[in-house]
Each structure stands twice: as structure tokens, then as C-alpha cells.
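Colleague: I am attaching a structure below and will ask some questions about it afterwards.
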Amino acid sequence: MLFFNSLPSAWRLRSLLALCWLALLGAPTLTLAREVRVGVYQNEPKIFMGADGQPSGILGDLLVAMARLEGWTLTSVPCEWSTCLDALESGNIDLMPDLASSEQRLQIFDVHKIPSLLSWSQLYKHSGAPISSMLDLKGKRVAVLAGSVQQTYLQNLLSSFDVQAELVPVQSLEEAFKKVAAREADAAATNRFFGDRRAATYQLDATPILFQPAQLFYASAKGRNADLLAAIDQHLGQWQSQPDSEYFKVLKRWMEVPPRFSVPAYLWWSLMALAAMLALALAGSALLRRQVAARTRDLRASEDRLATILNSVDAHIYIKDTALRYQYANRKVCELFGRPLAQVAGRTDDDFFESLTVERLHLNDQRVIENGERIEAEEVNRSRDGTQERTYLSIKLPLRQADGSIYALCGISTDITERKRAEEAIHQLAFYDPLTLLPNRRFLMERLQQTLKANGRQHQRGALLFIDVDNFKDLNDSLGHAMGDELLRQMAVRLGTCTRAGDTLARQGSDEFVLLLCDLSPELDAALEQAQHVAQKILQQIAEPYLLENQNYQSTVSIGIAMFGDEPTSRDELFKQADLAMYRAKAEGRNTLCFFNPAMQAQVSARTALEADLHQALARSEFVLYYQPQVDTAGQQLGVEALVRWQHPQRGLVPPLEFIPMAESAGLILPLGRWILRTACRQLVTWATSTEQAQWCIAVNVSARQFRQSDFVQTVEQVLFETGANPQRLELELTESLLVDDVEGVIARMSALKALGVRFSLDDFGTGYSSLSMLKRLPLDQLKIDQSFVRDLLSDPQDANIVKAIVTLGASLNLQVIAEGVETAAQRDALLELGCTHFQGYLFGRPAPVTA
């Protein structure tokens, strides 16, 4: 790719001539309009300096149009990005286009409310890498700008897909592309503008992986030029709601894709023939110099005629030798470099382009010179002073001697900069809704296709939520479409607060939104609960009042939910299911949610009702403790284990497996645990008055969440004090899952309770994570053999060996060992032979409440 050198600014000359002309005509003195100093840097097609000295590009043309309506006089201040920001902060310029909003920047700058443009990030790969979705990044190396928002966002996105990939930090986006081209990385993350312009230079391809959309604004220094920002908001608000406005005319002007560049076949043959003729002429010239002067004059005449033809072609034609020095350049190349052929010949690209551009050009040139390849590629280059950047379609081919050896390369480069700008601008609007700034249906469909493909391999669950605004037509009819649009914008913001990093929220069209939930729990019950939780949160958020033209407005939505992950399903089928569920939610009175599968809906409804009852169960005294006997070898009862039951007024006795997990998720396990502990201690006090039961112990299960509470020791101490129970008769049963995290904290709490006299039993021993080194540090009194080992004790020798090992371990650590789940005399006898001396199970008694 090649670049034009900077030309003198003709607009200044025209301005001076115009002023002189007005003076000669005796034009009346004009009232000076407000001068607005605008920072302009090169970032086509968004913003750059136009030939007339005014801001150009999408943001530039919009600002010029606003200035014309407001009577502003725009003064362009050319600068680099960082110097533009410094000048904006110091007040040396009034406005800066193309600023992405962030919390840090909003502390320094002011921006208007309505975004002027959208951007996003994308992954690029070398042509040999099979990367089409986030899942394909597993085990790959991804180059990403060190310390950037992209790095954090991409890491979270990879985590949400449970994909292990190596993020390779780089100091610049050019370095990222360089690493991918050199196979030091498999992909690179960059913004779409940079990526599509640079990718062809390194023979990189864009992937379908898009992320991190950003909103772009005009910015002003903090506390200054509020009137400018207000005027910009006013024009953007009016224009963006009118399809034929100046806003969409500018977008069309810069983003409408021109006909794809193609070189006619006859021109290809002509150029190839001309290149061949030029090569033959140059080669022949070296030989004919040794011949007679007459032949030399003929050759020079032939070269002159050939040069005339090559100089008339509207393309950049050049020849480089094996050292990549220019041997020939036509008129277009010389104009680009601003030098005559005599000053171009013998020089290299280092004299005309910046270093990174030279490096990329040499990568292609060496493939031609060293490997004899014919190269056809897009080349994006920057001039040596960094002020100009152009895109070219370049064709490079080797020139060979008669013996086949390569002595030079011939290149033909055609400027396609304007076409690329239009393509990039069109693509910018292709994936986002201009009203809400959310991804549009096209983006959603691609993301859903990737998710379904991933779920097919990893068997993950997900959900598709159709969210339709209730009675939206009434709002449009009563308050107008402008108010309807404002409501949708505010709803989009609220919906965004209900989503996770890996989810996708899109506007389907009109008053309908779609939310794609990914990576839900593989268990159906848990996945249903997660989807229901998100939908209920949306219902609550949307139902809050809206402020429309200084008036409060209430609105609701109906949500249809289609789950996926059990069986393979198509994208279209999933959309139909969610749509049908949404209409059922409408039919059931709106402002509600419905699942597509009736069984799922019934399950969710039952769980919701049960959870609502659970919140009232403690207050209604619906819980009761059952006690199961624990005996010794002679069958003498030594104590009991307290087991909680829920006596539901309509459902009857609800088993613990149904309500304990629900109590955990609803945050009720802590008050329930305190009630169990207090009730058990009161029972100890009652039994203390009985000669037969005074020596019994009560074992109470303690959940991991309950035990990890910072005040758990104080809670137990307070319950013992209030009830007067003997702490030596209280035994707390802990599970091995407690030992996974914070072992030191667990030991400290156990030691503090042990000092009070409380006993400890390790429940379900053998099924968790205990190690011998950890076990000997715990102040335990008892190991409890899990019933899964007892159940198959008589038929599975391995279970018998495990029980024997636990009994031996308990004896060596001076710990009592008790087996649970003993249901037959044969099991008891086998346990006795293995050395176990304490038992619990149906053989000795089922759990039962205390009888009066």
C-alpha cells in the first residue's frame, strides 16, 4: 500500500481570496458568530481534516451541519489523540469528537446524552487458525492490549464460556497483529476500526467473535460549553428519530458501499503485459548498453514510449530489486512520494513510510523475492510523518531471468481507501439498534447460533427470554411515538442492569426485547430457578415508575422463557417456543412470566409457592424435630440425632431434601439452624430430669454456611446459657465440605466450642476431602461412617475394606466411630466383626418426634 504526501492547505488561500473579494465589493461588516474550536485527529471515516480545513468524516460532517444551523464558526485544531485530550481538558479547544464514555473520563470531561456513534471489539486470526466462536479459543493464545478494558472484558467472557485461553499482553495493537502474523499468538483483540484496516496487511482474517460495544460522544472540558453539548443533544435527538434527517444522510454518504472494486480483464492483461514489457526492457537495457550507440538510442525511445503508457494508468506501478530498492516508479508513485523518479530510484520504503508499515510491506515483498509467490493482498500503510493512511489492493509478482532466477518484483497497487471506509461504516451499524443502542436481531441470531453449537459439545443449559412491553400501543397513541421511543430507551438501560457479562440482551424490534442467558446450571431444577430469578428481577425493574416529559409513567412487560440444553434444538424452534410462552404470559394477565414447557412451568410455580410458605414456616411454628436413636454393641441407647421436619398445613410432612436446599438459597438456613439448636438444647434440659435419659447426647447437624458465621461460637454459647443445657451432652455434626476452605478458621471455632464442653462428630466420613494430616488437627470426638458404605457392606468387599479402615483410623486417633444407615442385623454383625461399636439406623428405630 502507498500514501500521498501532504499537500498545501488550499482552503486557507480560498478563504483569504474570499475576504479580499468582500472587501473590494464593500460588503457590510458581519456580526461575528461564535467560534468553536474543534480538536481533529486522523481516524477515518469517523473524523479527519477535510481538504477545506473543516472537520470531515461522519462526526465532522454532523458537526458542520449543526454549526450551520446554530451559526457557529468552526475552527479546526489538528492534533494527535493524546494531545487533543490534553487541549480539551485545559480549555484550548472547545469540542472533541469520538470520545468513548467511561467513569474516569466523565470526571474530567462533559459529554452529551445521546450517543453519536457505536463501536465494538472483535477478534482477528491468521488464515490457518480455525476460530469461529468463543469455544474455539480453548488452549489458544490471544494477544490483547495490556491494562485495557478489552483485556478485562475478554477474560470475563472466556470465564463465562468456561474456556481456558492464554491472554498475551502487548503494548500496542500493531504489536498484537505482528504476533499473530509471526504465529506467536493465535488471535488478537482490537477495536473494529483498527482491525479491519490492519488485518489484510498481516494476512489476518476477522472472526465472528464480537464483544464490548462502546458509545461515542462529543466531549467538552468539565463545566464548560454546556450550551454546545445541549445543542448537540437537541440535533441528535431530532435527527435520529427522522429517517430522512441530516444524520442519516451523513451516515449514508460515508457508509454506503460503492460497487466492489474490480479490474477489467483487459486491463489485467494490459498491466501484466506492460509489466512484462517493462521487465524485458530493463533487462535488455543492461545488455544493450554494451552494444552500439544506435541500438541504445532505439532502446531509450522504446523505454520512453513504455513509460508514457505506464504513466497514463490510474494505478501505482513499481519495480523493486532483490534488496527491495525501487528501480522504477510510474507517475502515480512519484506523485505519492512527492519526488521525481531520479530521487525515488535506489531508495527503499524506509525513506517514505513509518517503520511498522515498512515491516509489513517487506513481509509481502520477501514472499515474492525469496519464494517466487504471486501475492494479492490489501495493504494499509502510513506515511513516514504519520499524517496520512491509505488502503491499497496490491498485486506483486516475481520477475525472472532466462534461467528462472528472480531478479526483481513488479507491483501494481490500486487505491481502495474510500471503498474500505464505506464498508467499515456500514458494518458499524449492521449489528446494533440505533434507538436503544442494544445489539439487534442479527447480532442476537449469530450469538444464539454460537451458543447452541457450544451447548451441543459441552451439554450446558441456557434460556431464551422474550420480553414484550404491555400495552405499548396505548402509550404511542396517547403520548406519541417520541415518548414511546424514550420509554424503550429507558427500558433498555434497566434491562441491562439485570444481565451478566456473558449474557446477550438485544432489541428484537418494535416493543420486544430478547435476553439470551448462557452457562446456566447443568441441573434442570437449578437452571429453572436461575432463569426464573432473572425474569422476576426484570419484572421488578421494569415496573418502577418512568419519568416521561416530567410525568411519572408506569409500564410492565410479559416474559416468555424457553429453556435449552436437554435435547438438540434449532435456533428458529427456540424462538417459536419463547414467543409462544410470551403470548401465554399475556393471556394470563400480563406483568408475569411463563415457561414454554408446561411441566417446567408447573414445577417453577410449585417451587415459588413452597418458597413463599417456607418464609412463614418459622413464624407459624410449622417445624418439628424428629429424633433417631444411637446405640452401643448391646443395643443400649446412648443418644439421638436431631432431624428437622416441616409439617406443612396442606402438603403434610415435607422431607428435608425438598426444603433444606431451598432454605439455603433463600437465606433461611441461619434462623432455621438457630431454631434447631435451641429446640434440641431445650430437649436436653427436659431429659436431664429423667434417670434413664439424663446421660443421652443429642447430635445436631450444622450447615457449612451456619458454621462459617463469625458469631457462631457466641450463638451456641448464648443458646446454652439461655436454655441451661449441659454442653457435654450437645454434639455438633460437621460435614467434610467445611474443610475445603479456611481450615484454620474451622479449627479455631471448633477449639472455642470444645472449651465450652461441646462434642464434635465428622458426618458422612469417607465421602469428602479429609486428609490424615488435617484430621489429626481437628478436635473431634467421633467419626460417622456414611450409610453408602454400610448399604453394600455385605456384597461389596471394597465397602467392607473402607469401613475397616475407618474403624482402624478412629481407634488410632482415639475417636469413637458410629455407623449410620444400619437396617439389618446382618449389617450390624458385620460391623461388629470389623470393630465398630456404635450404630444408628432403622434396625434400632426410625426418626420420630418426642411423645409426651
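Simple scheme: letters A, B, ... for chains in C-alpha cells order, numbers from 1 for residues in each chain, numbers from 1 for ligands in the order shown.
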Can you check which residues of segment 444-656 of chain A DSSP gives as strand (DSSP E) on the backbone and send them as number ranges by chain?
Modeller: A: 461-469, 504-509, 512-520, 546-548, 551-553, 557-564, 593-595, 623-631, 637-648, 652-654
Colleague: Counting only C-alpha atoms, what is within 12 Å of segment 87-94 of chain A, bar same-chain residues fewer than 4 positions away, as a PyMOL selection string?
Modeller: chain A and resi 34-40+72-83+99+105-111+218-229
Colleague: Using only C-alpha atoms, which protein or nucleic acid residues come within 8 Å of segment 189-197 of chain A? Drop anything in the same chain fewer than 3 positions from it, and give the result as a VMD selection string.
Modeller: chain A and resid 119 to 124 142 to 145 150 173 176 200 206 380 391 420 424
Colleague: Kindly give the distance, in Å, that separates atom CA of Asp86 of chain A and atom CA of Leu59 of chain A, rounded to a single decimal.
Modeller: 20.0 Å
